[in-house]
Amino acid sequence: MKIDAKDMACEQLNAAIKASADRKIEVTDVVGQRYIATACSDKEIEIHGTPGNAMGAYLDGATIALYGNAQEATGDTMNGGEIDVFGSAGDATGYAMRGGKIFIRGDVGYRCGIHMKAYRDNKPAIVIGGRAGSFLGEYQAGGTIVVLGDEIGDKPVVGYFCGTGMHGGEMYLRCDRIPVTLPPQVKAEQIDAIPSDVKALVERWCKLFDKDVKTYTGAKFFKLTPDSENPYKRMYTSN
Amino acid sequence: MSGQRMIDSIAVMRERSNGLGGGFAGYGIYPDYKEFYAFHLFFDSKEARKETESFILRHFEIAYSSEIQTRKIPQVTDEPIIWRYFLAPLSRKLADSHLDEREYVARCVNRINVCIDGAYVFSSGKNMGIFKGVGYPEDIGAFYRLDEYFGYCWTCHGRYPTNTPGWWGGAHPFGLLDYSIVHNGEISSYDANRRYIEMFGYKCTLKTDTEVITYIIDYLVRKRGLTMQEAAKVIAPSFWATISSKSEEAQREETFLRRAFPSLLVTGPFSIIVGYTGGIMALNDRLKLRSAVCATKGDLAYVASEESAIRKVEPDLDKVWSPAGGEAAVFELYDKEGV
Amino acid sequence: MQTYIYPEYEVVRDRAKCVNCRICERECANGVHRFDEKLKVMVEDSAKCVNCHRCVCMCPVHALKIVKSDDTYKLNANWDNRTINEIFKQADSGGVLLSSMGNPNTYPIFWDNLLINASQVTNPPIDPLREPMETQMWLGSRVVSIRRDAEGKLVDTLKPQLKLSVPIMFSAMSYGSISYNAHESLARAASELGIYYNTGEGGLHKDFYKYGANTIVQVASGRFGVFREYLDTAAAIEIKMGQGAKPGIGGHLPGAKITADVAETRMIPEGADAISPAPHHDIYSIEDLRQLVMSLKEATDYKKPVFVKIAAVHNIAAIASGIARSGADVIAIDGFRGGTGAAPTRIRDNVGIPVEVALAQVDQRLREEGIRDNVSIVAGGSIRSSGDLLKAIALGADACYIGTAALLAMGCHLCRSCHSGKCNWGIATQRPDLVKRLDPDEGARRLVNLVTAWKHELEEMMGGMGINSVEALRGNRLMLRGIGLTDRELNILGVKSAGESM
């Protein structure tokens with residue numbers, strides 16, 4: 001099914017997507033419509049244009065391919081499915097996501113993957129092609145964040161305060177050195193080869209965005225992990 | 001029908017008032033000026049009148065104005081200066097205001113009553129007029145020479161004031177545009193109603209139940225477009241338990257109205273008669289804590305607190321009944337325009 | 001250095017009555033009581049006692065009582081015992097002081113300075129036992145357009161609302177901060193009463209999905225357990241922006257309380273800390289709140305009202321005005337006396353304002369802006385009785401949340417030690433041996449009793465003032481008079497002084 005979103009209000013567009021009997025939906029001329037495919041579980045949606053905030057919030061199994069840039073809060077509280085952004089994404093991408101995958105060809109804004117968590121077999125993952133803004137993986141409690149540093153020139157692969165409050169999950173940064181000071185509870189180790197599940201994520205990213213697999217999977221990465229799941233244990237005194 | 005019939009009728013119920021307020025509303029009494037808003041005003045002083053007239057001139061064209069002719073009688077004393085103006089909104093001002101005409105007029109009335117010290121508009125409808133003051137109603141009727149007015153519908157009221165002092169503006173009927181309301185009882189929901197209705201541009205300056213009920217009816221009927229019957233279901237709805245025993249359609253309607261306008265539910269004892277162009281509505285609180293009797297004789301309908309007041313002017317009635325609590329009794333002319 | 005702190009409360013045992021049955025020993029998770037094999041008597045260590053009164057209630061011969069200790073440092077009006085002890089604790093540990101339940105300090109309680117009206121002569125009181133009396137309330141937006149169908153009948157244009165049989169709901173308390181049995185008690189009582197309980201931010205246990213029609217699910221900054229089914233199951237969704245006990249800070253459930261079951265409900269790994277960030281990181285301004293409100297509505301097909309819960313803070317009226325324009329249907333205001341499973345003491349005791357003034361200001365502000373119909377207002381943060389409830393409604397609340405009162409009904413004795421996780425009453429604990437002490441049948445029954453009793457009292461007081469529907473009480477501030485308040489306080493509360501007529 002094809003939907004021309006030109007001049008459509010956000011409620012109208014979302015209602016049309018929900019009402020579609022087809023599994024595959026192509027939406028064109030999207031400009032600013034928010035909450036596209038919210039909580040959607042059973043569709044393959046191709047979007048052309050610039051959707052509004054909170055695209056794919058609470059996504060529950062559907063896939064979204066966006067040919068354009070994403071704004072803020074993409075994949076907010078996402079539970080499953082996949083979002084592929086053939087451009088860059090804004091702040092708070094993948095906030096509190098618990099499952100599913102987000103692939104971004106370009107950069108992400110501030111606070112990507114904040115409070116990402118894992119649950120049973122749900123291992124959420126975000127693969128960022130370019131670089132990430134500050135506070136990447138703040139409060140991260142689970143899942144995997146990969147930053148590939150593709151086409152970023154001499155800019156640092158992540159911004160400041162990376163991994164603040166991180167207490168679970170892992171981050172992989174493709175770079176030669178960690179460009180920022182990490183919080184004390186986060187441990188960084190350089191690894192020669194990424195584990196197979198991360199490799200699969202990178203391969204998927206390469207395939208999606210037509211990149212040379214070896215350039216990325218063969219590179220050196222830093223692996224960031226927290227050293228405690230209970231970072232604040234000793235902070236309080238019973239009163 | 002002249003005002004004299006009403007004077008005769010209400011005199012029967014002298015026991016119900018205490019001489020601190022009486023008043024009448026007559027509909028169809030100004031056929032010669034029926035296209036104009038008839039403003040009746042009380043002024044405390046000449047200065048107040050001057051200030052008001054300069055306001056009126058900025059907003060209206062005055063078709064005719066004069067002091068209202070009264071008859072000096074010993075029972076009525078300390079009267080304010082009482083004037084009448086027949087007005088049409090200035091078309092340019094009205095257009096600039098982006099308001100519909102009635103809203104424009106209502107706002108002007110509100111402005112005078114709130115902003116001009118010593119001036120009070122107590123009647124502002126077309127082809128109708130309110131006449132009221134401090135005294136027993138039959139004396140007030142004589143004072144205003146109501147025997148000389150003829151109309152198709154009259155309401156009147158004798159007051160026994162409770163919460164607010166007896167003053168000329170505080171007597172009933174209370175009016176806004178062509179709505180006039182007489183009310184008996186004391187409502188317990190007053191401040192809930194007041195604080196809600198004031199959200200919509202009304203200002204309850206008099207602090208009386210009648211004033212707030214008038215605004216509620218104006219809001220629901222004029223501004224929101226409900227019928228009188230629907231407005232009655234907001235003001236005096238059936239209890240939830242009663243609603244649930246009604247037909248599905250009635251349940252849908254009454255539940256919607258209660259859920260949409262819960263703050264306009266009026267509790268406590270009241271019986272009201274609302275006069276408007278072309279009709280009247282009588283309504284009791286839902287527990288029927290006040291009395292009301294309706295009657296018909298041919299084409300004429302009567303509503304009163306006591307049957308005796310009706311029998312006094314029409315001993316031979318076709319039908320007499322008491323409407324149930326919360327059940328609106330609406331009587332309208334065949335032609336609602338009142339011509 | 002030895003900084004022994006003498007216990008604030010002492011366990012006193014009447015040895016003449018004690019039969020050494022050792023029930024107190026079994027009942028105390030804090031290890032206060034012990035049988036001395038040599039002396040053949042029960043002995044007690046008051047230093048471990050949290051004064052939860054479990055042993056006092058369970059002692060079959062009433063041999064136990066707990067008294068305030070008369071041990072004291074040299075009396076000092078500025079440096080009281082508590083303040084000194086807190087310094088000692090912090091010097092010992094370097095820790096942030098952590099407390100539980102609501103602010104216990106001696107701030108003014110405005111409820112106690114408000115008096116209720118009654119009818120005399122001009123208006124009849126109503127006898128609620130024999131005359132109809134309505135406590136039913138609908139919560140949500142009341143903005144309607146008047147439209148008619150082809151036959152001229154009114155079309156229902158209301159957004160979804162919640163129907164309450166009585167304007168009381170159980171406030172948000174998460175599974176994790178309180179026990180499975182406590183949650184079950186609340187859920188069952190809410191169902192039976194025709195009201196709602198609130199999951200708090202800890203997700204909704206699978207066993208309780210069947211109470212969905214009486215459940216408000218919370219979406220907090222940690223988004224624990226938030227997924228499609230969770231949202232779909234609920235009657236309404238509450239976005240938690242803040243909590244009265246700890247405005248401006250997030251939540252932190254220590255890993256020790258994240259048992260397998262709690263972890264599953266929160267959808268996180270077992271034993272890992274559950275941290276709720278202070279803000280929602282997708283909400284940095286009011287327009288972002290609208291984004292979350294609308295995305296939740298979109299996710300649930302606009303079928304459920306969305307609440308926004310905020311802590312009562314200084315600028316609350318303006319904040320509420322923004323929320324009322326965000327698409328939210330209900331604003332829940334939580335006063336600074338509100339309870340908590342754990343909060344830094346300094347925050348709990350110093351941050352925020354009383355719900356009475358917050359409620360009065362919010363209601364007034366929304367009316368002044370003509371947007372009171374956009375939202376319903378729910379007040380919480382120490383509603384202690386039906387008197388407080390009635391006063392809150394007269395000030396302008398559509399309904400009240402009760403948390404502490406509900407916990408008390410289930411057996412809580414306000415020992416304020418929830419953060420220890422060793423609640424002897426089976427409420428604020430995840431230890432299976434303690435949890436089972438709270439029988440959900442009994443818990444639900446006591447909650448139903450409490451709300452039913454308050455409903456009767458509310459009806460009595462409403463009847464006294466000649467009001468037979470709670471809708472006519474809401475915002476009816478002339479039914480209140482202030483006593484012992486300054487002009488400014490009266491003004492802020494929007495009530496007249498006792499003795500002043502209409």
# chains A, B, ... in the order shown; residues from 1 in each chain; ligands from 1

call {"tool": "residues_around", "arguments": {"residues": "region 62-75 of chain B", "least_positions_apart": "5", "cutoff": "7 Å", "atoms": "only C-alpha atoms", "output": "number ranges by chain"}}
result
B: 82-88, 139, 142-145

call {"tool": "residues_around", "arguments": {"residues": "Ile168 (chain C)", "least_positions_apart": "2", "cutoff": "7 Å", "atoms": "only C-alpha atoms", "output": "list in words"}}
result
Val166, Phe170, Ile195, Ala399, Cys400, Tyr401 and Ile402 of chain C

call {"tool": "write_last_selection", "arguments": {"atoms": "N, CA and C atoms", "output": "PDB file, in the first residue's frame"}}
result
ATOM      1  N   VAL C 166     -16.452   6.495  44.002  1.00  0.00           N
ATOM      2  CA  VAL C 166     -16.183   7.444  45.079  1.00  0.00           C
ATOM      3  C   VAL C 166     -14.855   8.105  44.711  1.00  0.00           C
ATOM      4  N   PHE C 170      -6.141   4.644  44.806  1.00  0.00           N
ATOM      5  CA  PHE C 170      -4.910   4.274  45.509  1.00  0.00           C
ATOM      6  C   PHE C 170      -3.715   4.789  44.710  1.00  0.00           C
ATOM      7  N   ILE C 195     -13.108   1.648  41.908  1.00  0.00           N
ATOM      8  CA  ILE C 195     -12.153   2.748  41.820  1.00  0.00           C
ATOM      9  C   ILE C 195     -10.898   2.216  41.121  1.00  0.00           C
ATOM     10  N   ALA C 399     -10.732  14.330  42.543  1.00  0.00           N
ATOM     11  CA  ALA C 399     -10.589  13.101  43.322  1.00  0.00           C
ATOM     12  C   ALA C 399      -9.277  13.183  44.078  1.00  0.00           C
ATOM     13  N   CYS C 400      -9.074  12.231  44.984  1.00  0.00           N
ATOM     14  CA  CYS C 400      -7.824  12.200  45.740  1.00  0.00           C
ATOM     15  C   CYS C 400      -7.150  10.842  45.593  1.00  0.00           C
ATOM     16  N   TYR C 401      -5.854  10.892  45.633  1.00  0.00           N
ATOM     17  CA  TYR C 401      -5.059   9.676  45.721  1.00  0.00           C
ATOM     18  C   TYR C 401      -4.758   9.426  47.197  1.00  0.00           C
ATOM     19  N   ILE C 402      -4.911   8.204  47.641  1.00  0.00           N
ATOM     20  CA  ILE C 402      -4.427   7.881  48.983  1.00  0.00           C
ATOM     21  C   ILE C 402      -3.382   6.775  48.895  1.00  0.00           C
TER      22      ILE C 402
END

call {"tool": "interface_residues", "arguments": {"of": "chain A", "to": "chain C", "cutoff": "7 Å", "atoms": "only C-alpha atoms", "output": "list in words"}}
result
Tyr35, Thr38, Ala39, Tyr58, Ala73, Thr77, Asn79, Ala92, Ala96, His115, Lys117, Ala118, Tyr119, Glu229, Asn230, Met235, Tyr236, Thr237, Ser238 and Asn239 of chain A

call {"tool": "interface_residues", "arguments": {"of": "chain B", "to": "chain C", "cutoff": "10 Å", "atoms": "only C-alpha atoms", "output": "PyMOL selection string"}}
result
chain B and resi 161-164+185-201+207-208+224-226+230+239-241+249+252-270+286-287+289

call {"tool": "atom_distance", "arguments": {"atom1": "CA of Glu51 (chain B)", "atom2": "CA of Asn110 (chain B)"}}
result
14.9 Å

call {"tool": "select_by_dssp", "arguments": {"residues": "region 152-285 of chain C", "states": "helix (DSSP H, G or I)", "output": "PDB file with N, CA and C atoms, in the first residue's frame"}}
result
ATOM      1  N   TYR C 180       4.046  -8.317  46.389  1.00  0.00           N
ATOM      2  CA  TYR C 180       3.033  -8.936  45.543  1.00  0.00           C
ATOM      3  C   TYR C 180       1.674  -8.937  46.263  1.00  0.00           C
ATOM      4  N   ASN C 181       1.690  -9.345  47.516  1.00  0.00           N
ATOM      5  CA  ASN C 181       0.418  -9.429  48.241  1.00  0.00           C
ATOM      6  C   ASN C 181      -0.201  -8.050  48.479  1.00  0.00           C
ATOM      7  N   ALA C 182       0.658  -7.069  48.665  1.00  0.00           N
ATOM      8  CA  ALA C 182       0.140  -5.698  48.828  1.00  0.00           C
ATOM      9  C   ALA C 182      -0.507  -5.244  47.522  1.00  0.00           C
ATOM     10  N   HIS C 183       0.163  -5.532  46.403  1.00  0.00           N
ATOM     11  CA  HIS C 183      -0.407  -5.160  45.110  1.00  0.00           C
ATOM     12  C   HIS C 183      -1.718  -5.878  44.872  1.00  0.00           C
ATOM     13  N   GLU C 184      -1.744  -7.146  45.203  1.00  0.00           N
ATOM     14  CA  GLU C 184      -2.979  -7.897  44.985  1.00  0.00           C
ATOM     15  C   GLU C 184      -4.112  -7.317  45.838  1.00  0.00           C
ATOM     16  N   SER C 185      -3.798  -6.945  47.078  1.00  0.00           N
ATOM     17  CA  SER C 185      -4.813  -6.350  47.956  1.00  0.00           C
ATOM     18  C   SER C 185      -5.380  -5.081  47.332  1.00  0.00           C
ATOM     19  N   LEU C 186      -4.479  -4.229  46.844  1.00  0.00           N
ATOM     20  CA  LEU C 186      -4.907  -2.955  46.244  1.00  0.00           C
ATOM     21  C   LEU C 186      -5.745  -3.204  44.995  1.00  0.00           C
ATOM     22  N   ALA C 187      -5.297  -4.126  44.163  1.00  0.00           N
ATOM     23  CA  ALA C 187      -5.995  -4.399  42.905  1.00  0.00           C
ATOM     24  C   ALA C 187      -7.395  -4.936  43.176  1.00  0.00           C
ATOM     25  N   ARG C 188      -7.470  -5.858  44.111  1.00  0.00           N
ATOM     26  CA  ARG C 188      -8.780  -6.457  44.395  1.00  0.00           C
ATOM     27  C   ARG C 188      -9.726  -5.457  45.039  1.00  0.00           C
ATOM     28  N   ALA C 189      -9.179  -4.650  45.946  1.00  0.00           N
ATOM     29  CA  ALA C 189     -10.024  -3.645  46.604  1.00  0.00           C
ATOM     30  C   ALA C 189     -10.534  -2.633  45.573  1.00  0.00           C
ATOM     31  N   ALA C 190      -9.650  -2.203  44.677  1.00  0.00           N
ATOM     32  CA  ALA C 190     -10.052  -1.222  43.664  1.00  0.00           C
ATOM     33  C   ALA C 190     -11.163  -1.790  42.796  1.00  0.00           C
ATOM     34  N   SER C 191     -11.027  -3.061  42.408  1.00  0.00           N
ATOM     35  CA  SER C 191     -12.050  -3.712  41.583  1.00  0.00           C
ATOM     36  C   SER C 191     -13.380  -3.749  42.311  1.00  0.00           C
ATOM     37  N   GLU C 192     -13.305  -4.165  43.555  1.00  0.00           N
ATOM     38  CA  GLU C 192     -14.537  -4.307  44.321  1.00  0.00           C
ATOM     39  C   GLU C 192     -15.215  -2.962  44.553  1.00  0.00           C
ATOM     40  N   LEU C 193     -14.404  -1.928  44.753  1.00  0.00           N
ATOM     41  CA  LEU C 193     -14.946  -0.609  45.085  1.00  0.00           C
ATOM     42  C   LEU C 193     -15.365   0.193  43.859  1.00  0.00           C
ATOM     43  N   LYS C 206       1.925 -10.129  35.621  1.00  0.00           N
ATOM     44  CA  LYS C 206       1.006 -10.868  34.733  1.00  0.00           C
ATOM     45  C   LYS C 206      -0.262 -11.330  35.460  1.00  0.00           C
ATOM     46  N   ASP C 207      -0.095 -11.696  36.742  1.00  0.00           N
ATOM     47  CA  ASP C 207      -1.252 -12.194  37.492  1.00  0.00           C
ATOM     48  C   ASP C 207      -2.332 -11.131  37.665  1.00  0.00           C
ATOM     49  N   PHE C 208      -1.932  -9.858  37.546  1.00  0.00           N
ATOM     50  CA  PHE C 208      -2.886  -8.786  37.852  1.00  0.00           C
ATOM     51  C   PHE C 208      -3.487  -8.146  36.602  1.00  0.00           C
ATOM     52  N   TYR C 209      -3.189  -8.725  35.445  1.00  0.00           N
ATOM     53  CA  TYR C 209      -3.791  -8.183  34.227  1.00  0.00           C
ATOM     54  C   TYR C 209      -5.311  -8.266  34.292  1.00  0.00           C
ATOM     55  N   LYS C 210      -5.795  -9.227  35.048  1.00  0.00           N
ATOM     56  CA  LYS C 210      -7.253  -9.392  35.118  1.00  0.00           C
ATOM     57  C   LYS C 210      -7.935  -8.221  35.845  1.00  0.00           C
ATOM     58  N   TYR C 211      -7.156  -7.438  36.573  1.00  0.00           N
ATOM     59  CA  TYR C 211      -7.741  -6.260  37.228  1.00  0.00           C
ATOM     60  C   TYR C 211      -7.544  -4.999  36.385  1.00  0.00           C
ATOM     61  N   GLY C 212      -7.186  -5.200  35.115  1.00  0.00           N
ATOM     62  CA  GLY C 212      -6.835  -4.074  34.234  1.00  0.00           C
ATOM     63  C   GLY C 212      -7.869  -2.962  34.190  1.00  0.00           C
ATOM     64  N   ALA C 213      -9.147  -3.330  34.263  1.00  0.00           N
ATOM     65  CA  ALA C 213     -10.202  -2.315  34.172  1.00  0.00           C
ATOM     66  C   ALA C 213     -10.163  -1.349  35.347  1.00  0.00           C
ATOM     67  N   ASN C 214      -9.470  -1.735  36.411  1.00  0.00           N
ATOM     68  CA  ASN C 214      -9.343  -0.856  37.580  1.00  0.00           C
ATOM     69  C   ASN C 214      -7.897  -0.463  37.848  1.00  0.00           C
ATOM     70  N   ARG C 228       3.507  -2.545  24.893  1.00  0.00           N
ATOM     71  CA  ARG C 228       2.178  -2.440  24.321  1.00  0.00           C
ATOM     72  C   ARG C 228       1.072  -3.058  25.177  1.00  0.00           C
ATOM     73  N   GLU C 229       1.304  -4.295  25.601  1.00  0.00           N
ATOM     74  CA  GLU C 229       0.263  -5.008  26.337  1.00  0.00           C
ATOM     75  C   GLU C 229      -0.057  -4.316  27.672  1.00  0.00           C
ATOM     76  N   TYR C 230       0.992  -3.816  28.301  1.00  0.00           N
ATOM     77  CA  TYR C 230       0.874  -3.081  29.569  1.00  0.00           C
ATOM     78  C   TYR C 230      -0.047  -1.879  29.387  1.00  0.00           C
ATOM     79  N   LEU C 231       0.187  -1.145  28.312  1.00  0.00           N
ATOM     80  CA  LEU C 231      -0.627   0.043  28.042  1.00  0.00           C
ATOM     81  C   LEU C 231      -2.048  -0.357  27.672  1.00  0.00           C
ATOM     82  N   ASP C 232      -2.162  -1.414  26.870  1.00  0.00           N
ATOM     83  CA  ASP C 232      -3.484  -1.838  26.400  1.00  0.00           C
ATOM     84  C   ASP C 232      -4.365  -2.353  27.534  1.00  0.00           C
ATOM     85  N   THR C 233      -3.735  -2.981  28.522  1.00  0.00           N
ATOM     86  CA  THR C 233      -4.499  -3.599  29.604  1.00  0.00           C
ATOM     87  C   THR C 233      -5.138  -2.576  30.537  1.00  0.00           C
ATOM     88  N   GLY C 255      19.343  -3.329  43.751  1.00  0.00           N
ATOM     89  CA  GLY C 255      19.346  -4.666  43.174  1.00  0.00           C
ATOM     90  C   GLY C 255      18.849  -5.737  44.128  1.00  0.00           C
ATOM     91  N   ALA C 256      19.061  -5.531  45.424  1.00  0.00           N
ATOM     92  CA  ALA C 256      18.646  -6.533  46.402  1.00  0.00           C
ATOM     93  C   ALA C 256      17.135  -6.754  46.374  1.00  0.00           C
ATOM     94  N   LYS C 257      16.387  -5.729  45.983  1.00  0.00           N
ATOM     95  CA  LYS C 257      14.929  -5.883  45.945  1.00  0.00           C
ATOM     96  C   LYS C 257      14.454  -6.385  44.583  1.00  0.00           C
ATOM     97  N   ALA C 260      13.493 -12.273  41.211  1.00  0.00           N
ATOM     98  CA  ALA C 260      13.170 -12.783  39.879  1.00  0.00           C
ATOM     99  C   ALA C 260      11.824 -12.258  39.392  1.00  0.00           C
ATOM    100  N   ASP C 261      10.850 -12.275  40.295  1.00  0.00           N
ATOM    101  CA  ASP C 261       9.495 -11.870  39.928  1.00  0.00           C
ATOM    102  C   ASP C 261       9.405 -10.363  39.658  1.00  0.00           C
ATOM    103  N   VAL C 262      10.078  -9.594  40.517  1.00  0.00           N
ATOM    104  CA  VAL C 262      10.098  -8.142  40.325  1.00  0.00           C
ATOM    105  C   VAL C 262      10.817  -7.821  39.019  1.00  0.00           C
ATOM    106  N   ALA C 263      11.915  -8.518  38.763  1.00  0.00           N
ATOM    107  CA  ALA C 263      12.689  -8.292  37.538  1.00  0.00           C
ATOM    108  C   ALA C 263      11.819  -8.568  36.318  1.00  0.00           C
ATOM    109  N   GLU C 264      11.065  -9.643  36.372  1.00  0.00           N
ATOM    110  CA  GLU C 264      10.235  -9.984  35.223  1.00  0.00           C
ATOM    111  C   GLU C 264       9.168  -8.915  34.994  1.00  0.00           C
ATOM    112  N   THR C 265       8.579  -8.434  36.088  1.00  0.00           N
ATOM    113  CA  THR C 265       7.538  -7.420  35.961  1.00  0.00           C
ATOM    114  C   THR C 265       8.109  -6.111  35.438  1.00  0.00           C
ATOM    115  N   ARG C 266       9.318  -5.785  35.886  1.00  0.00           N
ATOM    116  CA  ARG C 266       9.953  -4.542  35.417  1.00  0.00           C
ATOM    117  C   ARG C 266      10.622  -4.731  34.058  1.00  0.00           C
TER     118      ARG C 266
END

call {"tool": "select_by_dssp", "arguments": {"residues": "region 26-184 of chain A", "states": "strand (DSSP E or B)", "output": "ChimeraX atom specification"}}
result
/A:26-31,44-50,60-67,80-85,89,101-104,108,119,122,125-128,132,141-147,158,168-174

call {"tool": "residues_around", "arguments": {"residues": "Asn198 (chain C)", "least_positions_apart": "4", "cutoff": "9 Å", "atoms": "only C-alpha atoms", "output": "list in words"}}
result
Met169, Phe170, Ser171, Ala172, Met173, Ser174, Leu186, Ala187, Asn214, Thr215, Ile216, Val217, Gln218 and Glu238 of chain C

call {"tool": "residues_around", "arguments": {"residues": "Met78 (chain A)", "least_positions_apart": "3", "cutoff": "10 Å", "atoms": "only C-alpha atoms", "output": "VMD selection string"}}
result
(chain A and resid 38 to 40 56 to 61 74 to 75 81 to 83 94 to 102 116 124) or (chain C and resid 226 to 228)

call {"tool": "residues_around", "arguments": {"residues": "Arg22 (chain C)", "least_positions_apart": "2", "cutoff": "8 Å", "atoms": "only C-alpha atoms", "output": "number ranges by chain"}}
result
C: 20, 24-26, 34-35, 42

call {"tool": "residues_around", "arguments": {"residues": "Ala89 (chain A)", "least_positions_apart": "6", "cutoff": "8 Å", "atoms": "only C-alpha atoms", "output": "ChimeraX atom specification"}}
result
/A:69-72,74,104,106-109

call {"tool": "write_last_selection", "arguments": {"atoms": "C-alpha atoms", "output": "short mmCIF file (atom, residue, chain, number, x, y, z; two decimals), in the first residue's frame"}}
result
data_model
loop_
_atom_site.label_atom_id
_atom_site.label_comp_id
_atom_site.auth_asym_id
_atom_site.auth_seq_id
_atom_site.Cartn_x
_atom_site.Cartn_y
_atom_site.Cartn_z
CA ASN A 69 16.83 12.04 8.67
CA ALA A 70 15.03 11.15 11.88
CA GLN A 71 14.22 13.78 14.50
CA GLU A 72 14.11 13.31 18.28
CA THR A 74 13.11 7.77 17.58
CA ILE A 104 21.67 4.62 11.59
CA GLY A 106 25.00 8.77 9.88
CA ASP A 107 25.25 10.42 13.28
CA VAL A 108 23.02 10.59 16.34
CA GLY A 109 22.41 13.56 18.63
#

call {"tool": "residues_around", "arguments": {"residues": "Phe221 (chain A)", "least_positions_apart": "2", "cutoff": "9 Å", "atoms": "only C-alpha atoms", "output": "PDB file with C-alpha atoms, in the first residue's frame"}}
result
ATOM      1  CA  LEU A 148      31.423   3.022  13.869  1.00  0.00           C
ATOM      2  CA  TYR A 172      31.655  -0.745  21.213  1.00  0.00           C
ATOM      3  CA  LEU A 173      33.441   2.259  19.807  1.00  0.00           C
ATOM      4  CA  ARG A 174      35.446   1.966  16.605  1.00  0.00           C
ATOM      5  CA  CYS A 175      38.393   4.243  17.305  1.00  0.00           C
ATOM      6  CA  ASP A 176      42.071   4.193  18.168  1.00  0.00           C
ATOM      7  CA  ARG A 177      41.705   5.852  21.529  1.00  0.00           C
ATOM      8  CA  GLU A 189      39.362  -2.241  26.999  1.00  0.00           C
ATOM      9  CA  GLN A 190      40.705  -2.303  23.514  1.00  0.00           C
ATOM     10  CA  ILE A 191      39.791  -5.466  21.667  1.00  0.00           C
ATOM     11  CA  ASP A 192      41.219  -6.866  18.495  1.00  0.00           C
ATOM     12  CA  ALA A 193      38.076  -8.605  17.362  1.00  0.00           C
ATOM     13  CA  ILE A 194      34.471  -7.929  18.155  1.00  0.00           C
ATOM     14  CA  ALA A 219      38.892  -2.693  12.857  1.00  0.00           C
ATOM     15  CA  LYS A 223      34.635  -2.165  24.549  1.00  0.00           C
TER      16      LYS A 223
END
